[in-house]
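Notes for the one structure printed next.
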Amino acid sequence: MSATNEAGVPHGQKRKREEKDVSNKKKVQSDKPPQIYKNLQLAESLKDAPKKPVYKNLQIAESLKAQSKAKNQLLGKSQKAEKPKFKNLQIAESQKTVANGAQDDEGPNVESQKQEYRDNRPQNPLAARQKNLLEVRQSLPIWSQAANIRNALLENHVLILAGETGSGKSTQVPQFLHTSAWCTGRIAVTQPRRVAAVSLARRVAEEMGTPLGKSPQALVGYNVRFDDNVGKNNKVKFLTEGMLLQEMLRDPALVEYSCVVVDEVHERSVNVDLLLGFLRGLVTGTSEAAKKRKGKPLKVVVMSATADTEKLKDFFSEGFGEPRAEDNIPAVNDTTSLNKDDASVEKPQVPSASSSGKISTCFVEGRMYPVQTEYLSEPTRDFSEAALLQIFQIHRKEPMPGDVLVFLTGGDVITNLQQAIEDMIPNVITRDSGLPKLLVLPLYAALSQAQQQAIFSPAPPNTRKVILATNIAETSITVPGVRFVIDSGKAKIKQFRNRLGLDSLLVKDISKSSAIQRQGRAGREAAGKCIRLYTKPNFEALEKDAVPEILRCDLSSAVLTMKARGVQDVMSFPLLTRPSREAMERALLLLLQLDALNPEDGNISDLGRKIARLPLTPAHGRTIVAAADPEMGCLLPVIDIVACFNSENIFVEIKDQDANDEAREARNKLSRRQGDHLTLLSAVQAYASERTDRKQWAKQHLISHRSMQNVMDVRKQLRAQCQQAKLITKEELAAADDDLDTVSESTGNNILKCFLRGFPANVARLVPDGSYRTIQGHMAVAIHPSSVLYSRKLEAILYNEFVYTNRTYARSVSAIQMNWLEEVYAAPT
Ligand SMILES: Nc1ncnc2c1ncn2[C@@H]1O[C@H](COP(=O)(O)OP(=O)(O)OP(=O)(O)O)[C@@H](O)[C@H]1O
């Protein structure tokens, strides 16, 4: 391991800081076969600031108290010295106005905030906490730009705000805006992931000194998949991008909102790209939905640490009917100190001369604390092993408090590493070692909300938390206590496989901007350290930004999202990055196959509307709708299986062949000869019928109790959503019991036919050489070893997904008959 003593800030800043604080220099730098396809005719028709300061005080003490004191000392000085650094003519204009005596609509934000907690003082704990946090807020780099941000939105419709990670964007911007005169409705703040939406909501509620969620006093709430905690009086609502898109089904004009803040736009999920397209139509008044706002203004703030500001600005300018900027004025100030090759920060360009007064851009420079970065001197072949080593090294050498956040690729890798750490603990942390305890916590998308939020609880005394996370912990979150980040440099990325016609998850190198986001998680409460499990040359070779999801995944969900929200001509929907025509046509074809679109005109069908209301992929949505058809009559069991596919694996991996014969036998009893779909169903039904001790039952059957709890949660939500979508009646739901019934052969077949309806391309047939070949693309595929059908030779198989390791595997596999294809596709819909 070579310690390079580098921290994540740009070279120019480094230079400035080094000049300013020589004592710091050690720490800082950074661094189907065709005959079954319907309506192919349609396919044919389709052809057509503060210059400053970055680190305010390296000696800032660990405790909040000491932190506040140190910051207070600095605050007087730095506030005086900090001048907003504008990269934008509009903001510069508004600044002039302020300088000329015109006031920001509410007066200086600091004062109003101070007044707010003075008023709230009535000795309540929320007010006390608010008061403490105000000091922390005032020391954030974004604080000094509050008035400018408010003014920018007073005069413009759109603000594009770039700010370094930790500068305070996500937590502060909604608080700067909610008291503005124009802000009579709510502010929506979107996040790419639910873990961030929930934790930010909690933090902002604390900072505003109000309860969170449904209480009448609560000013802040959140809405994420399977958890709606929004109260009538909430002024600020954090929600995932997907949930805001979902809200647009019933309220395409977003009339309840005065402002939408789109955070972490650089992640460029499909949802964020769609959202930007819809928001552009609303803010510029060019979409049909905009009329429903009846003149009520909507402000849009687009935020990111590394956003391509100019591209975003051009995108919105075009919406306002302005030509794209051609001649960019060079950056006004500080260009000399900016090293363009340095990816640690993407400085926005100065807006073009053609800017209209409708769009502002702003850059907030500076972050809270420095992060020292170390690299491996040699590449590692096994990042889990390297992480294990680093975790124990940190634990042995580094003082407390100092929790560790490790970035890994997926739930399976995390579970294995958790096990390895827990196995090692007794050897390392002996009574004589004097070492604190270790608490390992997993964090990945398939975990339940409660499990995800567990990472935010403080560790028990004398205990170091080690959080093993996927990239869901990469942006927007502050995990209190974390001082160390270990970055594997890898992530699972969704990628469309042309030949298969399917998305699959592949482990790939992350981008530089992801590496910087990961690194930033270490310096949010105090100085920290980031250990990259790759070499510095490897880092330099990373792509600057990840390829936007819209260019690498199946677009059927995206196209259905547009269609369900009234977009008829999806080809001309405004998108920041345009996917290929071929990819759009493929998505339209799949939706036609799923009967989600009318073959006559390509508009959304009634069935498509039902699918769009479910928080599932179109394939799983179609499966559910097929199961609700009285002829199939298998909605509830299908929901159980879909719930499993939308949670983490329920089956505990059996490693030692000889171990625990009894449990293996119990687990084998859950297996169904038809395959994995019905095996999952039998496991869920057996668990649900267990009325005494489910945890014990799970242990006895080698089932993950934690995953099963999550499955039950998702099942409950899906049942409720099916009722709302009128796929099942309240009475039918109430009559559903969890008594263990055997699934008859014909029900079993119906269940599989429903999945076939949703997954027409996920079929492979046995060919004479004994292998399986996909019916679409004719690719060789093997049954995954985890399947109950592993090594079986069957006429044809249906699978839920592909996995790539050393070969192509079909995972979650069931046996089907080829003649079902004709039957399923001939059935009227
Ligand atoms: N839950 C929390 N607990 C403790 N401190 C917090 C919490 N949330 C935010 N903070 C403090 O507020 C600072 C700003 O956080 P915020 O999420 O607003 O920054 P950001 O600029 O949006 O960063 P990023 O781009 O990384 O999401 C953090 O660096 C941290 O000091």
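Ligands are numbered from 1 in the order shown, residues from 1 within each chain, and chains are lettered A, B, ... in the order they appear in the structure tokens.
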
- List the neighbours of Gly758 in chain A out to 9 Å using only C-alpha atoms; skip same-chain residues closer than 5 positions along the sequence, and give me the result as a ChimeraX atom specification. /A:593-594,618-624,626,753

Restricting the output to N, CA and C atoms, write the selected residues as a PDB file, in the first residue's frame.
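After the write, out03.pdb holds the following:
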ATOM      1  N   GLN A 593     -45.907  -6.208 -27.556  1.00  0.00           N
ATOM      2  CA  GLN A 593     -45.991  -7.639 -27.226  1.00  0.00           C
ATOM      3  C   GLN A 593     -46.677  -7.867 -25.895  1.00  0.00           C
ATOM      4  N   LEU A 594     -46.465  -6.917 -24.965  1.00  0.00           N
ATOM      5  CA  LEU A 594     -47.071  -7.032 -23.641  1.00  0.00           C
ATOM      6  C   LEU A 594     -48.496  -6.492 -23.618  1.00  0.00           C
ATOM      7  N   PRO A 618     -42.321  -3.356 -16.613  1.00  0.00           N
ATOM      8  CA  PRO A 618     -43.481  -3.742 -17.426  1.00  0.00           C
ATOM      9  C   PRO A 618     -43.646  -5.260 -17.477  1.00  0.00           C
ATOM     10  N   ALA A 619     -42.551  -6.003 -17.460  1.00  0.00           N
ATOM     11  CA  ALA A 619     -42.646  -7.470 -17.529  1.00  0.00           C
ATOM     12  C   ALA A 619     -43.332  -8.034 -16.281  1.00  0.00           C
ATOM     13  N   HIS A 620     -42.902  -7.581 -15.107  1.00  0.00           N
ATOM     14  CA  HIS A 620     -43.554  -8.068 -13.888  1.00  0.00           C
ATOM     15  C   HIS A 620     -44.981  -7.526 -13.785  1.00  0.00           C
ATOM     16  N   GLY A 621     -45.168  -6.281 -14.247  1.00  0.00           N
ATOM     17  CA  GLY A 621     -46.513  -5.702 -14.238  1.00  0.00           C
ATOM     18  C   GLY A 621     -47.445  -6.525 -15.102  1.00  0.00           C
ATOM     19  N   ARG A 622     -46.986  -6.912 -16.305  1.00  0.00           N
ATOM     20  CA  ARG A 622     -47.817  -7.694 -17.227  1.00  0.00           C
ATOM     21  C   ARG A 622     -48.142  -9.064 -16.628  1.00  0.00           C
ATOM     22  N   THR A 623     -47.182  -9.639 -15.932  1.00  0.00           N
ATOM     23  CA  THR A 623     -47.389 -10.944 -15.284  1.00  0.00           C
ATOM     24  C   THR A 623     -48.514 -10.837 -14.259  1.00  0.00           C
ATOM     25  N   ILE A 624     -48.478  -9.780 -13.474  1.00  0.00           N
ATOM     26  CA  ILE A 624     -49.499  -9.572 -12.436  1.00  0.00           C
ATOM     27  C   ILE A 624     -50.871  -9.377 -13.076  1.00  0.00           C
ATOM     28  N   ALA A 626     -51.880 -10.393 -15.979  1.00  0.00           N
ATOM     29  CA  ALA A 626     -52.314 -11.687 -16.545  1.00  0.00           C
ATOM     30  C   ALA A 626     -52.887 -12.582 -15.449  1.00  0.00           C
ATOM     31  N   LYS A 753     -47.642 -19.759 -16.923  1.00  0.00           N
ATOM     32  CA  LYS A 753     -48.115 -19.122 -18.176  1.00  0.00           C
ATOM     33  C   LYS A 753     -48.193 -17.610 -18.002  1.00  0.00           C
TER      34      LYS A 753
END

- Message: Hey, which residues sit close to ligand 1? Say within 6 Å, counting only C-alpha atoms and all ligand atoms, and write them as a count of residues only.
- Response: 19

- Message: Please determine, counting only C-alpha atoms, which residue among A:Asn416, A:Ser707, A:Ser384, A:Asn471 has the shortest atom-to-atom distance to Phe645 in chain A.
- Response: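 Using only C-alpha atoms, the shortest distance to Phe645 in chain A belongs to A:Ser707.
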
- Looking only at strand (DSSP E) from DSSP on the backbone, list the matching residues of range 171-233 of chain A as a ChimeraX atom specification. /A:186-191,220-224,227-229

Please produce a file of those selected residues containing C-alpha atoms, as a compact mmCIF listing (two decimals), in the first residue's frame.
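File produced: result24.txt:
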# COMPACT_ATOMS: atom_id res chain seq x y z
CA ARG A 186 -44.59 22.48 -1.73
CA ILE A 187 -41.01 21.92 -2.64
CA ALA A 188 -40.22 18.46 -3.98
CA VAL A 189 -36.63 17.30 -3.63
CA THR A 190 -35.89 14.21 -5.69
CA GLN A 191 -33.19 11.66 -4.90
CA VAL A 220 -40.89 17.90 6.15
CA GLY A 221 -41.95 14.50 4.84
CA TYR A 222 -40.84 11.82 2.44
CA ASN A 223 -42.36 9.43 -0.10
CA VAL A 224 -40.46 6.39 -1.31
CA ASP A 227 -43.39 4.07 2.36
CA ASP A 228 -45.42 7.28 2.19
CA ASN A 229 -44.73 9.54 5.14

- Atomic distance CA of Arg193 in chain A - CA of Glu267 in chain A, expressed in Å with one decimal: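 Answer for the CA of Arg193 in chain A to CA of Glu267 in chain A separation: 10.7 Å.
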
- Message: Give me the residues near Pro297 in chain A as a ChimeraX atom specification, where near means some atom within 8 Å (using only C-alpha atoms) and where sequence neighbours in that chain fewer than 5 positions away do not count.
- Response: /A:182,258,283

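The gap separating CA of Val371 in chain A from CA of Phe383 in chain A is 21.4 Å, in Å to one decimal.
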
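Within 8 Å of Gly770 in chain A, once only C-alpha atoms are used and residues closer than 3 positions along the same chain are dropped, the contacting residues are Leu766, Val767 and Lys793 of chain A.
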
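Proximity to Ser812 in chain A was assessed for A:Thr679, A:Leu756, A:Arg194, A:Ala761 counting only C-alpha atoms; the smallest distance is recorded for A:Thr679.
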